[in-house]
$ cat upload_20.cif   # mmCIF, C-alpha atoms
data_data
#
loop_
_atom_site.label_atom_id
_atom_site.label_comp_id
_atom_site.auth_asym_id
_atom_site.auth_seq_id
_atom_site.Cartn_x
_atom_site.Cartn_y
_atom_site.Cartn_z
CA MET R 144 -16.08 101.83 274.54
CA LYS R 145 -13.36 100.05 272.63
CA PHE R 146 -14.78 96.73 273.73
CA LEU R 147 -18.20 97.73 272.42
CA LEU R 148 -16.70 98.80 269.11
CA THR R 149 -14.82 95.52 268.85
CA LEU R 150 -17.98 93.64 269.60
CA ALA R 151 -19.93 95.64 267.03
CA LEU R 152 -17.31 95.10 264.35
CA SER R 153 -17.06 91.40 265.06
CA ALA R 154 -20.83 91.17 264.79
CA THR R 155 -20.77 93.11 261.51
CA ILE R 156 -18.20 90.75 260.02
CA ALA R 157 -20.14 87.73 261.21
CA ALA R 158 -23.37 89.21 259.84
CA THR R 159 -21.77 90.08 256.49
CA ALA R 160 -20.28 86.65 256.20
CA SER R 161 -23.45 84.84 257.19
CA THR R 162 -25.64 87.03 254.96
CA ALA R 163 -23.43 86.24 252.01
CA PHE R 164 -23.53 82.63 253.01
CA ALA R 165 -27.28 82.50 253.45
CA GLY R 166 -27.90 84.49 250.27
CA GLY R 167 -27.29 81.51 248.06
CA HIS R 168 -23.52 81.63 248.50
CA ASP R 169 -22.48 78.07 248.99
CA GLY R 170 -18.81 78.92 249.21
CA ASN R 171 -16.23 78.11 251.80
CA PRO R 172 -17.10 79.86 255.09
CA ALA R 173 -13.47 80.72 255.82
CA VAL R 174 -13.18 82.49 252.47
CA THR R 175 -16.46 84.33 253.05
CA ALA R 176 -15.27 85.52 256.45
CA ARG R 177 -11.91 86.65 255.06
CA LYS R 178 -13.61 88.64 252.34
CA ALA R 179 -15.92 90.24 254.88
CA HIS R 180 -12.97 91.22 257.02
CA MET R 181 -11.18 92.72 254.02
CA GLN R 182 -14.30 94.57 252.89
CA ILE R 183 -14.54 96.36 256.20
CA TYR R 184 -10.88 97.34 256.01
CA GLN R 185 -11.59 98.67 252.55
CA HIS R 186 -14.74 100.49 253.66
CA ASN R 187 -12.87 102.41 256.34
CA LEU R 188 -9.84 103.01 254.15
CA THR R 189 -12.15 104.45 251.51
CA ILE R 190 -13.53 107.00 253.99
CA LEU R 191 -10.02 108.17 254.85
CA GLY R 192 -8.62 107.89 251.35
CA ASN R 193 -11.37 109.96 249.81
CA MET R 194 -10.65 112.74 252.31
CA VAL R 195 -6.94 112.60 251.45
CA ARG R 196 -7.65 112.64 247.72
CA GLY R 197 -10.03 115.59 248.09
CA ASN R 198 -13.00 113.53 246.94
CA ALA R 199 -14.70 114.15 250.29
CA ASP R 200 -14.53 116.96 252.86
CA TYR R 201 -12.41 116.28 255.91
CA ASP R 202 -14.51 115.31 258.90
CA ALA R 203 -12.45 114.74 262.05
CA ALA R 204 -15.02 112.55 263.78
CA ALA R 205 -15.58 110.35 260.74
CA ALA R 206 -11.84 110.08 260.13
CA GLN R 207 -11.18 109.11 263.73
CA ALA R 208 -13.97 106.53 263.71
CA ALA R 209 -12.66 104.97 260.50
CA ALA R 210 -9.10 104.86 261.81
CA ASP R 211 -10.24 103.38 265.13
CA ASN R 212 -12.19 100.72 263.25
CA MET R 213 -9.07 99.78 261.36
CA VAL R 214 -7.11 99.42 264.58
CA ILE R 215 -9.78 97.14 265.97
CA LEU R 216 -9.91 95.06 262.82
CA THR R 217 -6.23 94.26 263.25
CA THR R 218 -6.86 93.05 266.80
CA LEU R 219 -9.61 90.56 265.96
CA ASN R 220 -8.70 86.91 266.24
CA GLN R 221 -8.79 85.68 262.64
CA SER R 222 -7.43 82.21 263.24
CA THR R 223 -10.67 80.46 262.31
CA TYR R 224 -10.72 81.83 258.78
CA TRP R 225 -7.07 81.94 257.78
CA ILE R 226 -6.71 78.19 257.55
CA PRO R 227 -4.74 75.90 255.23
CA GLY R 228 -6.80 74.11 252.59
CA THR R 229 -8.80 77.24 251.71
CA THR R 230 -6.58 78.75 249.03
CA ASN R 231 -6.79 79.15 245.28
CA ALA R 232 -5.04 75.79 244.90
CA GLU R 233 -7.94 73.98 246.57
CA LEU R 234 -10.90 76.27 245.84
CA GLY R 235 -10.02 77.78 242.46
CA ASP R 236 -11.65 81.05 241.48
CA GLU R 237 -13.53 81.34 244.75
CA THR R 238 -10.47 82.87 246.40
CA ARG R 239 -7.38 84.74 245.32
CA THR R 240 -5.42 83.61 248.38
CA LEU R 241 -2.27 81.75 247.37
CA PRO R 242 -1.04 78.65 249.23
CA ALA R 243 2.26 80.38 250.03
CA ILE R 244 0.52 82.30 252.81
CA PHE R 245 0.27 79.10 254.86
CA GLU R 246 3.62 77.60 253.92
CA SER R 247 6.78 77.75 255.97
CA GLY R 248 8.56 81.03 255.55
CA SER R 249 5.29 82.92 255.19
CA THR R 250 5.66 86.51 256.33
CA ALA R 251 1.92 87.14 256.62
CA ARG R 252 1.93 87.27 260.42
CA GLU R 253 4.80 89.73 260.44
CA ILE R 254 3.05 91.91 257.85
CA GLY R 255 -0.08 91.75 259.99
CA GLY R 256 1.98 93.20 262.82
CA GLN R 257 3.17 96.01 260.56
CA LEU R 258 -0.41 96.76 259.56
CA ALA R 259 -1.47 96.88 263.22
CA ALA R 260 1.31 99.35 264.03
CA ALA R 261 0.46 101.45 260.98
CA THR R 262 -3.22 101.66 261.93
CA VAL R 263 -2.34 102.70 265.49
CA ALA R 264 -0.15 105.48 264.08
CA LEU R 265 -2.97 106.48 261.74
CA ALA R 266 -5.52 106.60 264.55
CA ALA R 267 -3.16 108.77 266.58
CA VAL R 268 -3.33 111.55 263.97
CA ALA R 269 -6.74 111.02 262.39
CA SER R 270 -8.26 114.01 264.20
CA ASP R 271 -5.36 116.31 263.38
CA GLY R 272 -6.47 117.29 259.90
CA VAL R 273 -6.34 115.87 256.43
CA GLU R 274 -2.66 116.82 256.02
CA ALA R 275 -1.80 114.49 258.88
CA ILE R 276 -3.75 111.53 257.51
CA GLY R 277 -2.08 111.37 254.10
CA PRO R 278 1.41 110.44 255.32
CA ALA R 279 -0.03 108.07 257.95
CA LEU R 280 -2.09 106.29 255.32
CA GLY R 281 1.05 105.42 253.34
CA PRO R 282 2.34 102.70 255.70
CA VAL R 283 -1.18 101.23 255.94
CA GLY R 284 -1.40 100.90 252.16
CA ALA R 285 2.16 99.57 252.06
CA SER R 286 1.20 96.81 254.51
CA CYS R 287 -1.80 95.86 252.36
CA THR R 288 0.46 95.68 249.32
CA ALA R 289 3.19 93.81 251.19
CA CYS R 290 0.74 90.98 251.80
CA HIS R 291 -1.13 91.14 248.51
CA ARG R 292 2.06 90.99 246.49
CA PRO R 293 3.18 87.49 247.49
CA TYR R 294 -0.07 85.99 248.70
CA ARG R 295 -2.86 87.17 246.39
CA ILE R 296 -3.38 86.40 242.72
CA SER R 297 -3.55 89.32 240.31
CA ARG R 298 -7.01 89.61 238.87
CA ASN R 299 -8.35 90.81 235.62
CA MET F 262 20.42 65.96 187.30
CA ARG F 263 23.72 66.43 189.06
CA ARG F 264 23.70 70.07 188.08
CA LEU F 265 20.21 70.48 189.58
CA LEU F 266 21.38 68.91 192.84
CA ILE F 267 24.35 71.26 193.01
CA ILE F 268 22.15 74.28 192.34
CA THR F 269 19.67 73.13 194.99
CA ALA F 270 22.45 72.55 197.53
CA PHE F 271 23.93 75.95 196.83
CA GLY F 272 20.52 77.51 197.10
CA ALA F 273 19.89 75.85 200.45
CA ILE F 274 23.28 76.92 201.79
CA ALA F 275 22.77 80.47 200.56
CA THR F 276 19.30 80.59 202.14
CA LEU F 277 20.66 79.26 205.42
CA ALA F 278 23.59 81.67 205.37
CA GLY F 279 21.25 84.54 204.48
CA GLY F 280 18.90 83.53 207.26
CA LEU F 281 21.69 83.34 209.79
CA TRP F 282 23.00 86.70 208.62
CA VAL F 283 19.60 88.34 208.87
CA THR F 284 19.00 86.89 212.32
CA ARG F 285 22.53 87.41 213.71
CA PRO F 286 22.96 89.16 217.06
CA LEU F 287 23.50 92.87 216.39
CA THR F 288 25.61 95.30 218.37
CA VAL F 289 25.60 99.04 218.98
CA ASP F 290 28.24 101.45 217.74
CA ALA F 291 30.89 101.02 220.45
CA ASP F 292 32.67 104.34 219.88
CA THR F 293 29.49 106.40 220.20
CA VAL F 294 28.22 104.55 223.22
CA SER F 295 31.44 104.34 225.21
CA ALA F 296 31.82 108.13 225.11
CA ILE F 297 28.55 108.76 227.00
CA GLU F 298 29.00 109.79 230.63
CA GLY F 299 26.36 108.31 232.95
CA ASN F 300 24.98 109.94 236.07
CA ALA F 301 24.32 107.42 238.85
CA ALA F 302 21.96 109.68 240.79
CA ALA F 303 19.76 110.17 237.73
CA GLY F 304 19.94 106.45 237.02
CA GLU F 305 18.20 105.59 240.28
CA MET F 306 14.91 106.79 238.83
CA VAL F 307 15.42 104.76 235.66
CA PHE F 308 16.20 101.71 237.78
CA ALA F 309 13.04 102.25 239.83
CA LEU F 310 10.69 102.65 236.88
CA GLY F 311 12.45 99.91 234.92
CA SER F 312 11.56 97.54 237.79
CA CYS F 313 14.89 95.75 237.35
CA ALA F 314 14.72 94.65 240.98
CA SER F 315 11.30 93.02 240.63
CA CYS F 316 12.78 90.26 238.44
CA HIS F 317 16.45 90.23 239.41
CA THR F 318 16.36 90.17 243.20
CA SER F 319 16.54 86.77 244.80
CA PRO F 320 13.04 85.57 245.79
CA ASP F 321 14.13 85.21 249.41
CA GLY F 322 17.06 87.56 249.56
CA ASP F 323 17.84 91.20 250.12
CA LYS F 324 15.70 93.49 247.98
CA ALA F 325 18.71 95.67 247.18
CA VAL F 326 20.86 92.85 245.79
CA LEU F 327 20.30 91.81 242.19
CA ALA F 328 21.44 88.24 242.82
CA GLY F 329 18.90 86.62 240.45
CA GLY F 330 17.27 83.24 240.94
CA ARG F 331 13.64 84.25 240.53
CA GLU F 332 11.81 81.80 238.23
CA PHE F 333 9.25 82.60 235.54
CA THR F 334 7.18 79.73 234.21
CA THR F 335 6.00 80.26 230.63
CA ASP F 336 4.68 78.23 227.70
CA PHE F 337 8.28 77.95 226.52
CA GLY F 338 9.70 76.63 229.79
CA THR F 339 11.10 78.21 232.94
CA PHE F 340 13.29 81.29 232.77
CA VAL F 341 15.56 82.00 235.72
CA ALA F 342 16.57 85.62 236.20
CA PRO F 343 20.37 85.93 236.21
CA ASN F 344 22.64 87.70 238.67
CA ILE F 345 23.06 91.27 237.39
CA SER F 346 24.76 92.64 240.50
CA PRO F 347 28.22 94.23 240.06
CA ASP F 348 30.00 91.02 241.11
CA MET F 349 33.01 90.53 238.83
CA LEU F 350 32.66 86.78 238.47
CA ASN F 351 28.97 85.93 238.76
CA GLY F 352 27.35 89.28 238.05
CA ILE F 353 27.92 91.91 235.37
CA GLY F 354 30.78 93.73 237.11
CA ASN F 355 33.19 92.86 234.32
CA TRP F 356 30.95 94.32 231.63
CA SER F 357 31.76 97.53 229.78
CA GLN F 358 29.19 100.23 229.16
CA VAL F 359 29.13 99.00 225.55
CA ASP F 360 28.15 95.51 226.76
CA PHE F 361 25.32 97.04 228.76
CA PHE F 362 24.08 99.01 225.77
CA ASN F 363 24.21 95.88 223.62
CA ALA F 364 22.11 94.02 226.18
CA LEU F 365 19.42 96.69 226.52
CA ARG F 366 19.41 98.00 222.97
CA GLN F 367 19.98 94.85 220.93
CA GLY F 368 19.29 91.95 223.30
CA THR F 369 22.84 90.77 222.61
CA SER F 370 25.15 89.36 225.30
CA PRO F 371 28.84 90.29 225.69
CA ASP F 372 29.78 86.97 224.05
CA GLY F 373 27.64 87.80 221.04
CA LYS F 374 24.57 85.65 221.71
CA HIS F 375 20.90 86.52 221.64
CA TYR F 376 19.15 87.11 224.95
CA PHE F 377 15.74 85.54 225.34
CA PRO F 378 13.05 88.22 225.24
CA ALA F 379 11.88 87.35 228.77
CA PHE F 380 14.40 90.12 229.40
CA PRO F 381 12.29 93.00 228.05
CA TYR F 382 14.95 94.57 225.83
CA ALA F 383 12.35 95.02 223.11
CA SER F 384 10.99 97.83 225.32
CA TYR F 385 14.27 99.01 226.84
CA ALA F 386 15.64 99.42 223.30
CA ARG F 387 13.50 102.59 223.08
CA MET F 388 15.38 104.22 225.96
CA THR F 389 17.52 107.27 225.33
CA ASP F 390 21.32 106.99 225.38
CA THR F 391 21.38 109.16 228.46
CA ASP F 392 18.96 106.99 230.41
CA VAL F 393 20.81 103.78 229.51
CA ALA F 394 24.13 105.30 230.56
CA ASN F 395 22.60 106.67 233.78
CA LEU F 396 21.14 103.27 234.59
CA TRP F 397 24.51 101.62 234.00
CA ALA F 398 26.19 104.14 236.30
CA TYR F 399 23.59 103.55 239.03
CA MET F 400 23.71 99.76 238.85
CA ALA F 401 27.47 99.86 239.39
CA THR F 402 26.80 101.39 242.83
CA LEU F 403 24.59 98.50 244.01
CA PRO F 404 25.79 95.72 246.34
CA SER F 405 27.31 92.58 244.84
CA SER F 406 26.29 88.97 245.17
CA ASP F 407 28.50 86.03 244.24
CA GLN F 408 25.49 83.77 243.72
CA PRO F 409 25.99 82.02 240.35
CA SER F 410 23.29 82.48 237.72
CA GLN F 411 21.25 79.39 236.96
CA SER F 412 20.44 78.06 233.50
CA HIS F 413 16.98 78.55 232.02
CA ARG F 414 15.00 75.33 231.68
CA LEU F 415 13.36 75.68 228.28
CA THR F 416 11.78 73.11 226.03
CA PHE F 417 13.03 72.35 222.51
CA PRO F 418 13.12 74.24 220.16
CA PHE F 419 12.77 77.33 222.38
CA ASN F 420 16.07 76.55 224.12
CA MET F 421 17.99 77.39 220.93
CA ARG F 422 19.23 80.94 221.12
CA ALA F 423 19.64 81.11 217.34
CA GLY F 424 15.85 80.90 217.17
CA VAL F 425 15.66 84.19 219.05
CA GLY F 426 17.12 85.75 215.92
CA VAL F 427 13.98 84.72 214.06
CA TRP F 428 11.88 86.11 216.92
CA LYS F 429 13.74 89.40 216.63
CA ALA F 430 13.23 89.49 212.86
CA LEU F 431 9.50 89.00 213.43
CA TYR F 432 8.85 91.17 216.48
CA PHE F 433 11.77 93.32 217.58
CA ARG F 434 10.84 96.88 216.58
CA THR F 435 12.25 99.89 218.35
CA ALA F 436 9.66 102.34 217.03
CA PHE F 437 7.07 103.46 219.55
CA VAL F 438 3.75 101.70 219.12
CA GLN F 439 1.30 104.48 219.93
CA PRO F 440 1.32 108.00 218.47
CA ALA F 441 2.91 110.58 220.73
CA GLY F 442 -0.16 112.80 220.81
CA ASP F 443 0.03 115.10 223.81
CA THR F 444 1.78 112.49 225.90
CA GLU F 445 5.25 112.00 224.47
CA ARG F 446 6.78 111.81 227.94
CA GLY F 447 4.11 109.36 229.10
CA ARG F 448 4.62 107.23 226.02
CA TYR F 449 8.36 107.15 226.63
CA LEU F 450 7.97 106.19 230.29
CA ALA F 451 5.34 103.52 229.55
CA GLU F 452 6.65 102.01 226.31
CA ALA F 453 10.40 102.24 226.99
CA ILE F 454 11.55 102.25 230.63
CA GLY F 455 8.32 101.10 232.29
CA HIS F 456 7.79 98.35 229.67
CA CYS F 457 4.10 98.17 230.69
CA ALA F 458 3.09 96.34 227.51
CA GLU F 459 5.36 93.39 228.27
CA CYS F 460 2.79 92.23 230.84
CA HIS F 461 -0.37 94.07 229.78
CA THR F 462 -0.39 93.13 226.09
CA PRO F 463 -1.32 89.64 224.89
CA ARG F 464 1.28 87.69 222.92
CA THR F 465 1.25 85.53 219.82
CA ALA F 466 2.04 81.81 219.99
CA LEU F 467 5.68 82.71 219.36
CA GLY F 468 5.76 85.22 222.19
CA GLY F 469 5.57 88.45 220.20
CA LEU F 470 3.40 91.28 221.46
CA GLN F 471 0.12 91.67 219.58
CA ASN F 472 0.41 95.38 218.83
CA ASN F 473 -3.15 95.49 217.51
CA ARG F 474 -4.31 94.50 221.01
CA TRP F 475 -1.97 96.89 222.80
CA MET F 476 -2.49 96.85 226.59
CA ALA F 477 -5.63 94.72 226.25
CA GLY F 478 -4.63 92.50 229.19
CA ALA F 479 -2.86 89.14 229.20
CA PRO F 480 -2.09 86.11 231.36
CA ASP F 481 0.00 87.16 234.36
CA PRO F 482 3.71 86.31 233.91
CA SER F 483 3.64 84.53 237.28
CA GLY F 484 1.43 81.91 235.64
CA LYS F 485 -1.48 82.67 237.95
CA GLY F 486 -4.18 85.25 237.27
CA LYS F 487 -4.28 87.93 234.60
CA THR F 488 -2.94 91.40 234.09
CA PRO F 489 -5.85 93.75 233.47
CA GLY F 490 -6.56 95.47 230.18
CA LEU F 491 -5.88 99.20 230.23
CA SER F 492 -7.75 100.30 227.11
CA PRO F 493 -10.59 102.83 227.54
CA ALA F 494 -13.33 100.19 227.49
CA GLN F 495 -11.51 98.14 230.10
CA LEU F 496 -10.19 100.70 232.55
CA LYS F 497 -12.69 103.34 233.61
CA TRP F 498 -10.44 105.14 236.06
CA SER F 499 -9.75 108.86 235.64
CA ALA F 500 -6.23 110.11 234.94
CA ASP F 501 -6.06 111.23 238.59
CA ASP F 502 -7.10 107.74 239.72
CA ILE F 503 -4.31 106.18 237.68
CA ALA F 504 -1.71 108.66 238.93
CA TYR F 505 -2.80 108.06 242.54
CA TYR F 506 -2.60 104.30 242.01
CA LEU F 507 0.92 104.64 240.61
CA GLU F 508 1.85 106.69 243.66
CA THR F 509 0.22 104.67 246.44
CA GLY F 510 -0.83 101.32 244.99
CA LEU F 511 -4.41 102.09 246.03
CA THR F 512 -7.25 101.72 243.54
CA PRO F 513 -10.13 104.24 243.41
CA ASP F 514 -12.10 101.97 245.73
CA PHE F 515 -9.05 101.62 247.97
CA ASP F 516 -8.12 98.07 247.29
CA SER F 517 -4.36 97.66 247.04
CA ALA F 518 -2.11 96.51 244.23
CA GLY F 519 -0.88 92.96 244.43
CA GLY F 520 1.27 90.52 242.47
CA GLY F 521 3.77 91.90 240.02
CA MET F 522 2.06 95.30 239.97
CA ALA F 523 3.06 95.85 243.59
CA ALA F 524 6.69 95.75 242.46
CA VAL F 525 5.89 98.20 239.67
CA ILE F 526 4.31 100.59 242.19
CA GLU F 527 7.50 100.50 244.26
CA GLY F 528 9.15 102.09 241.26
CA THR F 529 6.41 104.48 240.14
CA SER F 530 5.95 105.76 243.71
CA LYS F 531 9.46 107.22 243.44
CA LEU F 532 8.75 109.16 240.23
CA PRO F 533 8.07 112.88 240.22
CA PRO F 534 4.30 113.57 240.20
CA GLU F 535 4.45 114.99 236.67
CA ASP F 536 5.83 111.69 235.36
CA ARG F 537 3.02 109.71 236.99
CA ALA F 538 0.56 112.17 235.47
CA ALA F 539 2.24 111.67 232.07
CA ILE F 540 1.87 107.89 232.28
CA ALA F 541 -1.77 108.34 233.31
CA ALA F 542 -2.38 110.61 230.32
CA TYR F 543 -0.78 108.04 228.02
CA ILE F 544 -3.01 105.29 229.38
CA LYS F 545 -6.11 107.44 229.00
CA ALA F 546 -5.16 108.08 225.36
CA LEU F 547 -4.80 104.39 224.46
CA PRO F 548 -6.91 103.20 221.53
CA ALA F 549 -9.94 101.00 222.06
CA THR F 550 -8.91 97.34 222.06
CA GLU F 551 -10.21 94.24 223.76
#
$ encode --input "upload_20.cif" --output "structure tokens"
Amino acid sequence: MKFLLTLALSATIAATASTAFAGGHDGNPAVTARKAHMQIYQHNLTILGNMVRGNADYDAAAAQAAADNMVILTTLNQSTYWIPGTTNAELGDETRTLPAIFESGSTAREIGGQLAAATVALAAVASDGVEAIGPALGPVGASCTACHRPYRISRN
Amino acid sequence: MRRLLIITAFGAIATLAGGLWVTRPLTVDADTVSAIEGNAAAGEMVFALGSCASCHTSPDGDKAVLAGGREFTTDFGTFVAPNISPDMLNGIGNWSQVDFFNALRQGTSPDGKHYFPAFPYASYARMTDTDVANLWAYMATLPSSDQPSQSHRLTFPFNMRAGVGVWKALYFRTAFVQPAGDTERGRYLAEAIGHCAECHTPRTALGGLQNNRWMAGAPDPSGKGKTPGLSPAQLKWSADDIAYYLETGLTPDFDSAGGGMAAVIEGTSKLPPEDRAAIAAYIKALPATE
């Protein structure tokens, strides 16, 4: 089941990236794939976050599916789209990724590990009610921020 | 002719002396300030919202140690945040509470010089006596670093501290910028301790905040990207959205804060919910600017 989900998610990312690419987007394919990956994180986080904020009713199945998706997203091999030479320094406004992410001393991989652990913890409680999700969502958001702080440009 | 020259010379000297007097570094009333008893536990919250750590921690060091060394590239040159840990030699451990008040309230150093306004004393100057004393008490409890402070690397004439006196005469105003309205607490947190406008308000060529474009967004202090405008036309979030963002760093569409704002969120996440709500109410009440 998990394998199928992984496969489906990988296909979705590939489809999103290629659709954007084919739809007149002549950008860097690595950047397009990164954005697609991030969008699917965001999509699932939105489902959970809206339940926590009371913007949506709690739905155990939907919450579990979203949390499981996030776990799977952290397990995908992303090495073909996180590559040096595809940052804001080389591509300008096309990407907000800063070169520091690929430089020595980068903590991105370590933060990725923290995100993976946080999503596993989130998935473990996603069916236990909205009160359980809120605290588990904190470390997930903190991991996002931990990476965005040093490695992503602030935008207007 | 000679008489005219003498009068002119005297006039020039008097103007210069007057100018230097007007722009001299000012100090607080030492007797009043030294009598205030700070509370370290209460100061932790001031420290968090004041985001002292976001500028004064070493870029690759321990987040709890205010060793300095972080660089800020601006149109005037590169500022290097100093060591403000309690180290007696290289930090501010040998300061008195009066020295600390002079720094935050007047932008004046213990040796009577102007601080450059990269240190946001123009905002901190609005803080209450109690909050300044509490912050001082809390900072004395933090770990020390013996890392020496580095010199700023500024271009002429901006490297002349006397020029900061002119800057202060032009821009240093301790009055709050926005009316209190229903959000006096929010205004205090945002305009004094939180110093939001220091990044979110555009500046003049001389580095003064453009109060008529308050919180309209500005180039990011890191030199890359922009800080967003927060005025009603620019930020459509609800007050709840803003409060949730200040708590979690998550936007209404569940993107996360990045850059300097991530450091700000570290502080605002520690505030009581009512203070986050107060800041949100203040932001929602901002006037329309672009």
$ atom_distance --input "upload_20.cif" --atom1 "atom CA of F:Phe340" --atom2 "atom CA of F:Thr284"
22.0 Å
$ interface_residues --input "upload_20.cif" --of "chain F" --to "chain R" --cutoff "6 Å" --atoms "all atoms listed in the file" --output "VMD selection string"
chain F and resid 486 to 489 515 517 to 520 523
$ closest_residue --input "upload_20.cif" --among "F:Asp392, F:Gly455, F:Met476, F:Pro404" --to "F:Thr529" --atoms "all atoms listed in the file"
F:Gly455
$ resolve_selection --input "upload_20.cif" --expression "the PyMOL selection byres ((chain R and resi 217) around 12)" --output "PyMOL selection string"
chain R and resi 149+152-153+180-181+183-184+210-216+218-221+252+254-263+283+286-287
$ atom_distance --input "upload_20.cif" --atom1 "atom CA of R:Thr238" --atom2 "atom CA of F:Thr334"
21.7 Å
$ residues_around --input "upload_20.cif" --residues "stretch 371-386 of chain F" --least-positions-apart "4" --cutoff "8 Å" --atoms "all atoms listed in the file" --output "compact mmCIF listing (two decimals) with C-alpha atoms, in the frame of the given file"
# COMPACT_ATOMS: atom_id res chain seq x y z
CA PRO F 286 22.96 89.16 217.06
CA PHE F 340 13.29 81.29 232.77
CA TRP F 356 30.95 94.32 231.63
CA ASP F 360 28.15 95.51 226.76
CA ASN F 363 24.21 95.88 223.62
CA ALA F 364 22.11 94.02 226.18
CA LEU F 365 19.42 96.69 226.52
CA ARG F 366 19.41 98.00 222.97
CA GLN F 367 19.98 94.85 220.93
CA ARG F 422 19.23 80.94 221.12
CA ALA F 423 19.64 81.11 217.34
CA VAL F 425 15.66 84.19 219.05
CA GLY F 426 17.12 85.75 215.92
CA PHE F 433 11.77 93.32 217.58
CA ARG F 434 10.84 96.88 216.58
CA THR F 435 12.25 99.89 218.35
CA GLU F 452 6.65 102.01 226.31
CA ALA F 453 10.40 102.24 226.99
CA ILE F 454 11.55 102.25 230.63
CA HIS F 456 7.79 98.35 229.67
CA GLU F 459 5.36 93.39 228.27
$ resolve_selection --input "upload_20.cif" --expression "the PyMOL selection byres ((chain F and resi 540) around 10)" --output "list in words"
Thr444, Glu445, Arg446, Gly447, Arg448, Tyr449, Leu450, Ala451, Glu452, Gly455, Ala500, Ile503, Ala504, Leu507, Thr529, Glu535, Asp536, Arg537, Ala538, Ala539, Ala541, Ala542, Tyr543, Ile544, Lys545 and Ala546 of chain F
$ resolve_selection --input "upload_20.cif" --expression "the PyMOL selection byres ((chain F and resi 402) around 12)" --output "PyMOL selection string"
chain F and resi 300-302+304-305+308+325-327+346-348+354+395-401+403-405
$ write_last_selection --input "upload_20.cif" --atoms "C-alpha atoms" --output "short mmCIF file (atom, residue, chain, number, x, y, z; two decimals), in the coordinates of the input"
data_model
loop_
_atom_site.label_atom_id
_atom_site.label_comp_id
_atom_site.auth_asym_id
_atom_site.auth_seq_id
_atom_site.Cartn_x
_atom_site.Cartn_y
_atom_site.Cartn_z
CA ASN F 300 24.98 109.94 236.07
CA ALA F 301 24.32 107.42 238.85
CA ALA F 302 21.96 109.68 240.79
CA GLY F 304 19.94 106.45 237.02
CA GLU F 305 18.20 105.59 240.28
CA PHE F 308 16.20 101.71 237.78
CA ALA F 325 18.71 95.67 247.18
CA VAL F 326 20.86 92.85 245.79
CA LEU F 327 20.30 91.81 242.19
CA SER F 346 24.76 92.64 240.50
CA PRO F 347 28.22 94.23 240.06
CA ASP F 348 30.00 91.02 241.11
CA GLY F 354 30.78 93.73 237.11
CA ASN F 395 22.60 106.67 233.78
CA LEU F 396 21.14 103.27 234.59
CA TRP F 397 24.51 101.62 234.00
CA ALA F 398 26.19 104.14 236.30
CA TYR F 399 23.59 103.55 239.03
CA MET F 400 23.71 99.76 238.85
CA ALA F 401 27.47 99.86 239.39
CA LEU F 403 24.59 98.50 244.01
CA PRO F 404 25.79 95.72 246.34
CA SER F 405 27.31 92.58 244.84
#
$ atom_distance --input "upload_20.cif" --atom1 "atom CA of F:Thr293" --atom2 "atom CA of F:Met388"
15.4 Å
$ axis_aligned_box --input "upload_20.cif" --around "stretch 262-280 of chain R" --padding-each-side "6 Å" --output "JSON"
{"center_x": -3.4, "center_y": 109.5, "center_z": 260.3, "size_x": 21.7, "size_y": 27.6, "size_z": 24.5}
$ closest_residue --input "upload_20.cif" --among "R:Glu246, R:Ala203, R:Ala264, R:Tyr224" --to "R:Ala179" --atoms "only C-alpha atoms"
R:Tyr224
$ residues_around --input "upload_20.cif" --residues "F:Asn473" --least-positions-apart "5" --cutoff "10 Å" --atoms "only C-alpha atoms" --output "list of chain:residue names"
F:Val438, F:Thr462, F:Pro463, F:Pro548, F:Ala549, F:Thr550, F:Glu551
$ closest_residue --input "upload_20.cif" --among "F:Gly352, F:Gly329, F:Phe362, F:Val289" --to "F:Thr391" --atoms "all atoms listed in the file"
F:Phe362
$ residues_around --input "upload_20.cif" --residues "F:Phe417" --least-positions-apart "3" --cutoff "9 Å" --atoms "all atoms listed in the file" --output "PyMOL selection string"
chain F and resi 337+420-421
